[in-house]
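Chemist: Data file input-v7.cif (mmCIF, C-alpha atoms) is appended below.
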```cif
data_start
loop_
_atom_site.label_atom_id
_atom_site.label_comp_id
_atom_site.auth_asym_id
_atom_site.auth_seq_id
_atom_site.Cartn_x
_atom_site.Cartn_y
_atom_site.Cartn_z
CA MET A 1 86.54 70.53 139.79
CA LYS A 2 89.10 73.21 140.53
CA ILE A 3 89.10 76.47 138.63
CA ALA A 4 91.89 79.03 138.80
CA VAL A 5 90.82 82.66 138.51
CA THR A 6 93.23 85.58 138.49
CA ALA A 7 92.08 88.25 140.94
CA LYS A 8 92.97 91.67 142.25
CA GLY A 9 91.88 90.62 145.77
CA THR A 10 91.34 87.48 147.82
CA LYS A 11 87.53 87.22 147.75
CA LEU A 12 84.84 86.03 145.38
CA ALA A 13 83.74 89.67 145.14
CA SER A 14 87.20 90.76 144.01
CA GLU A 15 87.69 91.86 140.44
CA VAL A 16 89.31 89.52 137.94
CA ASP A 17 92.92 90.59 137.35
CA PRO A 18 93.33 90.80 133.56
CA ARG A 19 96.97 89.71 133.79
CA PHE A 20 97.77 86.07 134.28
CA GLY A 21 101.45 85.67 135.16
CA ARG A 22 101.64 88.88 137.15
CA ALA A 23 98.14 88.83 138.67
CA ALA A 24 98.00 90.00 142.30
CA TYR A 25 96.29 86.79 143.44
CA ILE A 26 95.18 83.57 141.90
CA LEU A 27 92.11 82.01 143.50
CA ILE A 28 91.66 78.29 143.18
CA VAL A 29 87.93 77.73 143.48
CA ASP A 30 86.55 74.24 143.97
CA THR A 31 83.17 74.17 142.21
CA LYS A 32 82.05 71.30 144.45
CA ASP A 33 81.79 73.45 147.59
CA MET A 34 82.94 76.88 146.37
CA LYS A 35 85.88 76.78 148.75
CA ILE A 36 88.68 79.14 147.83
CA GLU A 37 92.37 78.58 148.10
CA VAL A 38 94.16 81.91 147.81
CA LEU A 39 97.55 81.92 146.08
CA ASP A 40 99.47 85.10 146.78
CA ASN A 41 101.28 85.72 143.50
CA LYS A 42 103.60 88.38 144.95
CA GLU A 43 106.71 86.53 143.95
CA ASN A 44 105.65 86.32 140.31
CA VAL A 45 104.43 89.92 140.18
CA ASN A 46 108.02 91.01 140.64
CA ALA A 47 109.55 88.10 138.77
CA PHE A 48 112.47 88.94 136.59
CA LYS A 49 111.36 86.60 133.81
CA GLY A 50 108.93 83.79 133.16
CA ALA A 51 106.09 84.92 135.44
CA GLY A 52 103.53 83.23 133.20
CA ILE A 53 105.41 79.94 133.12
CA GLN A 54 105.75 79.95 136.89
CA ALA A 55 102.11 80.86 137.51
CA ALA A 56 101.01 78.12 135.12
CA THR A 57 103.18 75.56 136.93
CA MET A 58 101.75 76.72 140.25
CA ILE A 59 98.10 76.29 139.29
CA ALA A 60 98.87 72.95 137.64
CA ASP A 61 100.36 71.79 140.95
CA ARG A 62 97.16 72.79 142.73
CA GLY A 63 95.13 70.61 140.42
CA ALA A 64 93.33 73.33 138.47
CA GLU A 65 91.66 72.13 135.30
CA VAL A 66 90.45 75.47 134.00
CA LEU A 67 91.94 78.96 134.11
CA LEU A 68 89.83 82.10 133.85
CA THR A 69 91.81 85.27 133.19
CA GLY A 70 92.13 88.30 130.94
CA PHE A 71 95.28 87.84 128.91
CA CYS A 72 97.60 84.92 128.51
CA GLY A 73 100.93 85.06 126.71
CA PRO A 74 102.55 82.36 124.55
CA ASN A 75 104.87 80.83 127.14
CA ALA A 76 102.16 80.63 129.78
CA PHE A 77 99.77 79.15 127.22
CA ARG A 78 102.24 76.48 126.22
CA THR A 79 102.74 75.50 129.86
CA LEU A 80 99.00 75.43 130.56
CA GLU A 81 98.42 73.35 127.47
CA ALA A 82 101.06 70.84 128.57
CA ALA A 83 99.36 70.64 131.94
CA GLY A 84 96.01 70.05 130.24
CA ILE A 85 94.48 73.22 131.66
CA LYS A 86 91.80 74.86 129.53
CA VAL A 87 92.11 78.63 129.24
CA GLY A 88 89.17 81.00 129.26
CA SER A 89 90.63 84.40 128.46
CA ASP A 90 89.11 87.88 128.00
CA VAL A 91 87.26 87.26 131.27
CA SER A 92 86.24 90.34 133.28
CA GLY A 93 83.96 91.36 136.17
CA THR A 94 84.23 89.76 139.61
CA VAL A 95 85.58 86.31 140.41
CA ALA A 96 82.05 85.23 141.38
CA GLU A 97 80.69 86.41 138.02
CA ALA A 98 83.45 84.58 136.20
CA ILE A 99 82.72 81.35 138.08
CA GLU A 100 79.02 81.75 137.37
CA ALA A 101 79.66 82.25 133.68
CA PHE A 102 81.82 79.13 133.72
CA LEU A 103 79.12 77.08 135.48
CA ASN A 104 76.55 78.30 132.97
CA GLY A 105 78.79 77.15 130.15
CA GLU A 106 79.29 80.69 128.90
CA VAL A 107 83.08 80.66 128.85
CA THR A 108 84.75 80.02 125.53
CA TYR A 109 88.16 78.46 125.59
CA THR A 110 91.02 79.83 123.57
CA GLN A 111 93.20 77.75 121.32
CA ALA A 112 96.10 80.16 121.41
CA ALA A 113 97.72 82.90 123.44
CA ASN A 114 95.96 86.26 123.27
CA ALA A 115 98.86 88.44 124.35
CA GLU A 116 102.37 88.98 123.00
CA GLY A 117 105.35 87.62 124.87
CA HIS A 118 107.54 90.04 126.81
CA TRP A 119 111.28 90.35 126.58
CA MET B 1 145.57 98.03 121.25
CA ILE B 2 141.78 97.97 121.25
CA ILE B 3 139.71 101.13 120.86
CA SER B 4 135.96 100.82 121.33
CA VAL B 5 133.67 103.45 119.83
CA ALA B 6 130.50 103.86 121.89
CA SER B 7 127.91 106.55 122.48
CA GLY B 8 125.01 105.94 124.81
CA LYS B 9 122.54 107.58 122.42
CA GLY B 10 122.07 105.90 119.06
CA GLY B 11 122.63 107.71 115.79
CA THR B 12 125.37 110.02 117.00
CA GLY B 13 127.99 108.79 114.57
CA LYS B 14 129.77 105.76 116.03
CA THR B 15 129.97 103.99 112.70
CA THR B 16 131.01 107.18 110.87
CA VAL B 17 133.88 107.66 113.32
CA SER B 18 134.96 104.02 113.50
CA THR B 19 134.90 103.38 109.74
CA ASN B 20 136.67 106.63 108.87
CA MET B 21 139.34 106.09 111.50
CA ALA B 22 139.80 102.50 110.28
CA ILE B 23 140.14 103.55 106.63
CA SER B 24 142.64 106.24 107.62
CA LEU B 25 144.78 103.62 109.35
CA GLY B 26 144.34 101.20 106.46
CA ASP B 27 145.75 97.71 106.63
CA ALA B 28 147.30 98.33 110.04
CA CYS B 29 143.96 97.82 111.71
CA THR B 30 140.99 95.52 112.04
CA LEU B 31 137.48 96.88 112.42
CA LEU B 32 135.06 94.78 114.47
CA ASP B 33 131.41 95.59 113.95
CA CYS B 34 130.03 94.57 117.33
CA ASP B 35 126.68 96.26 116.82
CA VAL B 36 125.43 92.79 115.99
CA GLU B 37 121.75 93.67 116.12
CA GLU B 38 122.19 95.98 113.19
CA PRO B 39 125.73 95.93 111.88
CA ASN B 40 126.20 98.76 109.40
CA ALA B 41 129.93 99.38 109.05
CA HIS B 42 129.74 97.23 105.91
CA LEU B 43 127.62 99.95 104.27
CA PHE B 44 130.70 102.18 104.22
CA LEU B 45 133.50 99.64 103.80
CA HIS B 46 131.69 97.53 101.18
CA PRO B 47 133.68 94.46 102.19
CA HIS B 48 133.98 91.32 100.18
CA ILE B 49 132.90 88.64 102.71
CA ASN B 50 135.27 85.72 102.38
CA ARG B 51 134.46 83.58 105.41
CA SER B 52 131.48 82.99 107.65
CA GLU B 53 130.85 80.98 110.80
CA THR B 54 127.60 80.15 112.55
CA VAL B 55 127.69 80.72 116.30
CA THR B 56 125.52 78.66 118.61
CA THR B 57 124.86 78.63 122.32
CA PHE B 58 123.94 75.93 124.81
CA ILE B 59 120.31 75.08 125.46
CA PRO B 60 119.08 72.03 127.37
CA GLU B 61 117.60 69.05 125.61
CA VAL B 62 115.61 66.82 127.91
CA ASP B 63 115.59 63.05 127.66
CA GLN B 64 112.02 62.38 128.81
CA GLU B 65 112.89 58.68 129.30
CA ARG B 66 115.53 59.38 131.92
CA CYS B 67 113.78 62.30 133.61
CA THR B 68 112.28 61.61 137.03
CA PHE B 69 110.52 65.01 137.18
CA CYS B 70 112.43 66.09 140.29
CA ARG B 71 112.27 69.74 139.13
CA LYS B 72 115.84 70.58 140.13
CA CYS B 73 116.44 72.00 136.64
CA ALA B 74 113.33 74.21 136.82
CA GLU B 75 114.26 75.42 140.30
CA ILE B 76 117.78 76.52 139.40
CA CYS B 77 116.74 78.35 136.22
CA ARG B 78 116.52 82.04 136.93
CA TYR B 79 114.98 82.68 133.52
CA ARG B 80 112.28 80.00 133.84
CA ALA B 81 113.48 78.41 130.65
CA ILE B 82 112.51 74.97 131.97
CA ALA B 83 109.11 74.14 133.40
CA VAL B 84 108.00 70.80 134.80
CA VAL B 85 104.28 70.21 134.74
CA GLY B 86 103.13 66.78 135.84
CA GLN B 87 105.09 64.29 133.76
CA LYS B 88 106.22 66.76 131.16
CA VAL B 89 109.30 68.93 130.91
CA LEU B 90 109.03 72.04 128.76
CA VAL B 91 112.06 73.92 127.48
CA PHE B 92 111.59 77.55 126.46
CA GLU B 93 114.73 77.84 124.43
CA ASN B 94 114.42 81.56 123.75
CA LEU B 95 114.50 82.28 127.48
CA CYS B 96 117.64 80.21 128.10
CA HIS B 97 120.80 82.18 128.92
CA SER B 98 123.07 79.15 128.56
CA CYS B 99 124.35 79.00 132.15
CA GLU B 100 124.22 75.18 132.00
CA GLY B 101 122.94 75.08 135.60
CA CYS B 102 120.29 72.52 134.63
CA LEU B 103 122.95 70.29 133.12
CA VAL B 104 124.94 70.41 136.36
CA VAL B 105 122.08 69.80 138.83
CA CYS B 106 120.24 67.05 136.95
CA PRO B 107 120.77 63.87 139.03
CA ASP B 108 119.47 61.58 136.28
CA GLY B 109 121.64 62.58 133.34
CA ALA B 110 118.44 63.53 131.54
CA ILE B 111 119.75 66.82 130.19
CA ARG B 112 121.85 66.85 127.08
CA GLU B 113 123.64 69.66 125.34
CA GLY B 114 121.45 71.21 122.68
CA LYS B 115 122.12 74.24 120.51
CA ARG B 116 120.44 77.47 119.60
CA GLU B 117 121.79 79.56 116.74
CA LEU B 118 122.83 83.04 117.85
CA GLY B 119 123.95 84.38 114.53
CA VAL B 120 127.01 84.50 112.31
CA VAL B 121 130.49 85.95 112.37
CA GLU B 122 131.70 87.16 108.98
CA TRP B 123 135.15 88.09 107.78
CA GLY B 124 135.80 90.47 104.94
CA GLU B 125 137.95 93.21 103.52
CA GLY B 126 136.85 96.54 102.13
CA SER B 127 138.38 100.00 101.54
CA GLY B 128 141.71 98.46 102.50
CA VAL B 129 140.47 97.47 105.96
CA GLU B 130 140.15 94.02 107.45
CA MET B 131 136.74 93.67 108.98
CA ILE B 132 134.98 91.15 111.20
CA GLN B 133 131.29 91.56 111.88
CA GLY B 134 128.64 89.76 113.90
CA ARG B 135 125.09 89.41 112.67
CA LEU B 136 122.52 88.35 115.24
CA ARG B 137 119.90 85.88 114.05
CA VAL B 138 116.57 87.64 113.50
CA GLY B 139 114.45 86.84 116.54
CA GLU B 140 117.42 86.22 118.84
CA ALA B 141 117.47 88.41 121.96
CA MET B 142 120.85 87.57 123.46
CA SER B 143 123.68 89.41 121.74
CA PRO B 144 126.61 89.50 124.26
CA PRO B 145 127.87 85.95 123.50
CA LEU B 146 128.00 86.77 119.78
CA ILE B 147 129.79 90.05 120.50
CA LYS B 148 132.35 88.19 122.61
CA LYS B 149 132.78 85.67 119.81
CA VAL B 150 133.49 88.44 117.27
CA ARG B 151 136.03 89.93 119.69
CA SER B 152 137.68 86.56 120.26
CA TYR B 153 138.77 86.48 116.60
CA ALA B 154 140.60 89.83 116.71
CA ASP B 155 144.37 89.69 116.26
CA LEU B 156 145.56 91.74 119.23
CA ASP B 157 148.93 92.44 117.63
CA ARG B 158 147.06 94.78 115.34
CA THR B 159 145.13 97.95 116.12
CA VAL B 160 141.56 96.89 116.74
CA ILE B 161 138.65 99.31 116.42
CA ILE B 162 135.31 98.17 117.81
CA ASP B 163 132.09 99.71 116.55
CA ALA B 164 129.95 99.17 119.67
CA PRO B 165 126.18 99.02 119.92
CA PRO B 166 124.33 102.01 121.42
CA GLY B 167 122.98 102.11 124.96
CA THR B 168 124.59 101.22 128.27
CA SER B 169 123.33 97.68 128.82
CA CYS B 170 124.91 94.23 128.45
CA PRO B 171 125.66 94.39 124.70
CA VAL B 172 127.68 97.61 124.93
CA ILE B 173 129.44 96.39 128.07
CA ALA B 174 130.40 93.24 126.14
CA ALA B 175 131.84 95.46 123.39
CA MET B 176 133.73 97.87 125.73
CA ARG B 177 134.99 95.64 128.54
CA GLY B 178 138.73 95.08 128.47
CA THR B 179 139.39 97.61 125.70
CA ASP B 180 142.21 100.14 126.13
CA PHE B 181 140.18 103.23 125.32
CA VAL B 182 136.56 104.16 124.77
CA LEU B 183 135.89 106.86 122.21
CA LEU B 184 132.47 108.30 122.99
CA VAL B 185 130.64 109.91 120.10
CA THR B 186 128.02 112.43 121.12
CA GLU B 187 126.01 115.32 119.79
CA PRO B 188 125.42 118.67 121.52
CA THR B 189 121.73 118.13 122.29
CA PRO B 190 120.06 117.56 125.66
CA PHE B 191 119.32 113.97 124.63
CA GLY B 192 122.89 113.43 123.46
CA LEU B 193 124.22 114.80 126.74
CA HIS B 194 121.81 112.76 128.84
CA ASP B 195 122.88 109.48 127.28
CA LEU B 196 126.52 110.52 127.21
CA GLN B 197 126.38 110.88 130.99
CA LEU B 198 125.02 107.35 131.27
CA ALA B 199 127.73 106.07 128.95
CA VAL B 200 130.48 107.85 130.91
CA GLY B 201 129.07 106.24 134.08
CA ALA B 202 129.39 102.80 132.50
CA VAL B 203 132.90 103.49 131.15
CA ARG B 204 134.06 104.70 134.59
CA LEU B 205 132.69 101.55 136.22
CA LEU B 206 134.78 99.54 133.79
CA GLY B 207 137.80 101.72 134.59
CA ILE B 208 138.66 102.52 130.98
CA PRO B 209 140.03 105.92 129.86
CA CYS B 210 137.75 107.76 127.46
CA GLY B 211 137.58 110.77 125.16
CA LEU B 212 134.90 112.53 123.16
CA VAL B 213 134.03 113.15 119.56
CA ILE B 214 131.32 115.79 119.21
CA ASN B 215 129.40 115.24 116.02
CA ARG B 216 127.21 117.94 114.42
CA SER B 217 129.20 120.21 116.68
CA ASP B 218 127.84 123.51 115.35
CA MET B 219 124.25 122.84 116.31
CA GLY B 220 122.48 122.35 119.65
CA ASP B 221 123.81 124.00 122.77
CA GLY B 222 127.05 124.26 124.76
CA GLN B 223 126.21 121.87 127.56
CA VAL B 224 128.28 118.95 126.25
CA TRP B 225 131.45 121.09 126.31
CA GLU B 226 130.62 122.26 129.84
CA TYR B 227 130.06 118.67 130.94
CA ALA B 228 133.34 117.51 129.34
CA ARG B 229 135.23 120.31 131.11
CA GLN B 230 133.72 119.47 134.50
CA GLU B 231 134.36 115.75 134.09
CA LYS B 232 137.84 116.32 132.62
CA ILE B 233 137.03 114.27 129.53
CA PRO B 234 139.20 115.32 126.57
CA ILE B 235 137.41 116.41 123.38
CA LEU B 236 139.44 114.77 120.63
CA MET B 237 137.46 115.78 117.56
CA GLU B 238 134.56 117.92 116.43
CA ILE B 239 132.65 117.16 113.25
CA PRO B 240 130.49 120.02 111.95
CA PHE B 241 126.94 119.66 110.66
CA ASP B 242 128.09 119.87 107.08
CA ARG B 243 125.81 119.14 104.15
CA ARG B 244 128.67 117.59 102.16
CA ILE B 245 129.34 115.09 104.95
CA ALA B 246 125.64 114.18 105.05
CA GLU B 247 125.62 113.66 101.29
CA VAL B 248 128.70 111.45 101.37
CA TYR B 249 127.14 109.43 104.19
CA SER B 250 123.84 109.03 102.35
CA LYS B 251 125.71 107.52 99.41
CA GLY B 252 127.41 104.94 101.63
CA LEU B 253 130.83 106.51 101.17
CA ALA B 254 133.53 107.23 103.70
CA ILE B 255 134.20 110.88 104.51
CA VAL B 256 137.95 110.36 104.26
CA GLU B 257 137.59 108.97 100.74
CA ALA B 258 135.25 111.66 99.40
CA MET B 259 136.82 114.56 101.32
CA PRO B 260 140.54 113.72 101.62
CA GLU B 261 141.26 116.60 104.01
CA TRP B 262 139.50 114.51 106.68
CA ARG B 263 142.01 111.66 106.45
CA GLN B 264 144.58 113.75 108.29
CA LYS B 265 142.03 114.62 110.99
CA PHE B 266 141.11 111.00 111.62
CA THR B 267 144.77 109.97 111.66
CA GLU B 268 145.39 112.67 114.25
CA LEU B 269 142.38 111.46 116.22
CA PHE B 270 144.01 108.05 116.41
CA GLN B 271 147.33 109.56 117.47
CA GLN B 272 145.62 111.54 120.20
CA ILE B 273 143.97 108.36 121.47
CA GLN B 274 147.37 106.66 121.56
CA MET B 275 148.73 109.57 123.62
CA GLU B 276 145.74 109.44 125.97
CA ILE B 277 146.33 105.74 126.55
CA VAL B 278 150.00 106.34 127.35
CA ALA B 279 149.14 109.28 129.61
CA GLU B 280 146.59 107.16 131.46
CA LYS B 281 149.14 104.38 131.93
CA LEU B 282 151.61 106.86 133.39
CA ARG B 283 148.93 108.31 135.68
CA ARG B 284 148.11 104.87 137.01
CA GLU B 285 151.73 103.89 137.49
CA SER B 286 152.39 107.06 139.46
CA LEU B 287 149.56 106.27 141.90
#
```
Now that the file is in, can you turn its structure into structure tokens?
Modeler:
Amino acid sequence: MKIAVTAKGTKLASEVDPRFGRAAYILIVDTKDMKIEVLDNKENVNAFKGAGIQAATMIADRGAEVLLTGFCGPNAFRTLEAAGIKVGSDVSGTVAEAIEAFLNGEVTYTQAANAEGHW
Amino acid sequence: MIISVASGKGGTGKTTVSTNMAISLGDACTLLDCDVEEPNAHLFLHPHINRSETVTTFIPEVDQERCTFCRKCAEICRYRAIAVVGQKVLVFENLCHSCEGCLVVCPDGAIREGKRELGVVEWGEGSGVEMIQGRLRVGEAMSPPLIKKVRSYADLDRTVIIDAPPGTSCPVIAAMRGTDFVLLVTEPTPFGLHDLQLAVGAVRLLGIPCGLVINRSDMGDGQVWEYARQEKIPILMEIPFDRRIAEVYSKGLAIVEAMPEWRQKFTELFQQIQMEIVAEKLRRESL
């Protein structure tokens, strides 16, 4: 199963980036073998609009089924929901810790966005 | 002739100047309240609204039956108003800027013309002045198309006064572009001057002649006058920080109605603007 985690760096030891759409990197971690696919989110970081929507589309294309991040706005949430991706928000610590919490069933999934949209 | 009244900084007196000038000219002019996010000229003209029109803008509607999920619509949208995830197409109608790019690139005819309400245009008459105002729908973020719609209804054979929104971004550009003169209302404070400089920058880019009204002219400092002198911007009127004016304003009355001596001053302001426009025309022709 593939899990997307927003990160400030490219490694499992990197800190979780609290932002979703404008996270520095998004790591797609396959829980089967813990292999990481690093998505450089540079383009979205500087996006003019719709960073969350774009990031959500991107992780859906990579086959992620769960997203672990800090904050997720309404547009991103709607896109993730349409893609059937479960969202664990308010996640902090390192990527490895986040994955561990997920594997231990300690992540609670949100039913709604937990950040305001931006204009 | 179209005169737009703008300011850069908010709260300097755009509406005070535009409504009082309009009332002084009477039925020879039309006032357009283009500050559609918070139109307030009606507070001073007390118009009887006799006609109203809802203004809408294009948004895509996706026919999921016809869609082949090729993503061309999502790729062309600069505002990410369309997202394709798997076999679903999502439209974020609030993000759409109505360019119709998706409609053009869709190879499957899966995009239809939908509508989003922008707001209303209202016609009325008050204090002897014909008035047209735009009112943006609460929650709507895109005001320029509504401003353009309000302007499209102005009878250009008459004198048109536009009460513009504050700032220097798209809405105020939509209100100033193509007008014959921009009357900039400022106040002699560092903040007033700062935003005036931004506004003058925008007006110069648009190539429109401008002049100044300095409101609350007996407070603050002298920097606005110094700036106007350096930039060769004519000062066409000064309004003192007068308690009686503030009282009249707070009651929703026009200065020219409560203090008749001001009617002459606002009429002269208009005449000076006319002369500035002619002088500018001559300057350009001589180049």
Chemist: Rounded to one decimal, what separation in Å do you get between CA of Thr267 (chain B) and CA of His194 (chain B)?
Modeler: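 About the pair CA of Thr267 (chain B) and CA of His194 (chain B): they are 28.8 Å apart.
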Chemist: Written as a compact mmCIF listing (two decimals) with C-alpha atoms, in the coordinates of the input, which residues does the PyMOL selection byres ((chain B and resi 107) around 12) give for the file shown?
Modeler:
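Now in selection_20.txt:
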```txt
# COMPACT_ATOMS: atom_id res chain seq x y z
CA ARG B 66 115.53 59.38 131.92
CA CYS B 67 113.78 62.30 133.61
CA THR B 68 112.28 61.61 137.03
CA PHE B 69 110.52 65.01 137.18
CA CYS B 70 112.43 66.09 140.29
CA ARG B 71 112.27 69.74 139.13
CA LYS B 72 115.84 70.58 140.13
CA CYS B 73 116.44 72.00 136.64
CA GLY B 101 122.94 75.08 135.60
CA CYS B 102 120.29 72.52 134.63
CA LEU B 103 122.95 70.29 133.12
CA VAL B 104 124.94 70.41 136.36
CA VAL B 105 122.08 69.80 138.83
CA CYS B 106 120.24 67.05 136.95
CA ASP B 108 119.47 61.58 136.28
CA GLY B 109 121.64 62.58 133.34
CA ALA B 110 118.44 63.53 131.54
CA ILE B 111 119.75 66.82 130.19
```
Chemist: Got a sec to resolve the PyMOL selection byres ((chain A) within 6 of (chain B)) on this structure and send the residues as JSON, numbers by chain?
Modeler: {"A": [49, 50, 57, 83]}
Chemist: May I ask for the distance between CA of Asp218 (chain B) and CA of Lys265 (chain B), given in Å to one decimal place?
Modeler: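 CA of Asp218 (chain B) sits 17.3 Å away from CA of Lys265 (chain B).
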Chemist: Check what the PyMOL selection byres ((chain A and resi 84) around 10) selects in the file above and give those residues as a ChimeraX atom specification.
Modeler: /A:60,64-66,78-83,85-87 /B:85-86
Chemist: Some atoms are absent from region 88-96 of chain A, so rebuild all heavy atoms and return them as a CSV table (one decimal), keeping the file's coordinate frame.
Modeler:
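File written: result.csv
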```csv
chain,number,residue,atom,x,y,z
A,88,GLY,N,90.2,80.1,129.6
A,88,GLY,CA,89.2,81.0,129.3
A,88,GLY,C,89.7,82.4,129.4
A,88,GLY,O,90.0,82.8,130.5
A,89,SER,N,90.0,83.1,128.3
A,89,SER,CA,90.6,84.4,128.5
A,89,SER,C,89.6,85.5,128.1
A,89,SER,O,88.4,85.2,127.8
A,89,SER,CB,91.9,84.5,127.6
A,89,SER,OG,91.6,84.1,126.3
A,90,ASP,N,90.0,86.7,128.2
A,90,ASP,CA,89.1,87.9,128.0
A,90,ASP,C,88.0,87.9,129.0
A,90,ASP,O,86.9,88.3,128.8
A,90,ASP,CB,88.5,87.9,126.6
A,90,ASP,CG,89.6,88.1,125.5
A,90,ASP,OD1,90.5,88.8,125.8
A,90,ASP,OD2,89.5,87.4,124.5
A,91,VAL,N,88.3,87.3,130.2
A,91,VAL,CA,87.3,87.3,131.3
A,91,VAL,C,87.4,88.5,132.1
A,91,VAL,O,88.5,89.0,132.4
A,91,VAL,CB,87.5,86.0,132.2
A,91,VAL,CG1,86.6,86.1,133.4
A,91,VAL,CG2,87.3,84.7,131.4
A,92,SER,N,86.2,89.1,132.4
A,92,SER,CA,86.2,90.3,133.3
A,92,SER,C,85.1,90.3,134.3
A,92,SER,O,84.4,89.3,134.4
A,92,SER,CB,86.1,91.6,132.4
A,92,SER,OG,85.0,91.5,131.6
A,93,GLY,N,85.0,91.3,135.1
A,93,GLY,CA,84.0,91.4,136.2
A,93,GLY,C,84.6,90.8,137.5
A,93,GLY,O,85.8,90.9,137.6
A,94,THR,N,83.7,90.3,138.4
A,94,THR,CA,84.2,89.8,139.6
A,94,THR,C,84.5,88.3,139.4
A,94,THR,O,84.1,87.6,138.5
A,94,THR,CB,83.2,89.9,140.7
A,94,THR,OG1,82.0,89.1,140.4
A,94,THR,CG2,82.8,91.4,140.9
A,95,VAL,N,85.3,87.7,140.4
A,95,VAL,CA,85.6,86.3,140.4
A,95,VAL,C,84.3,85.5,140.4
A,95,VAL,O,84.1,84.5,139.7
A,95,VAL,CB,86.5,86.0,141.6
A,95,VAL,CG1,86.7,84.4,141.7
A,95,VAL,CG2,87.8,86.7,141.5
A,96,ALA,N,83.3,85.9,141.3
A,96,ALA,CA,82.0,85.2,141.4
A,96,ALA,C,81.3,85.2,140.0
A,96,ALA,O,80.8,84.2,139.6
A,96,ALA,CB,81.2,85.9,142.4
```
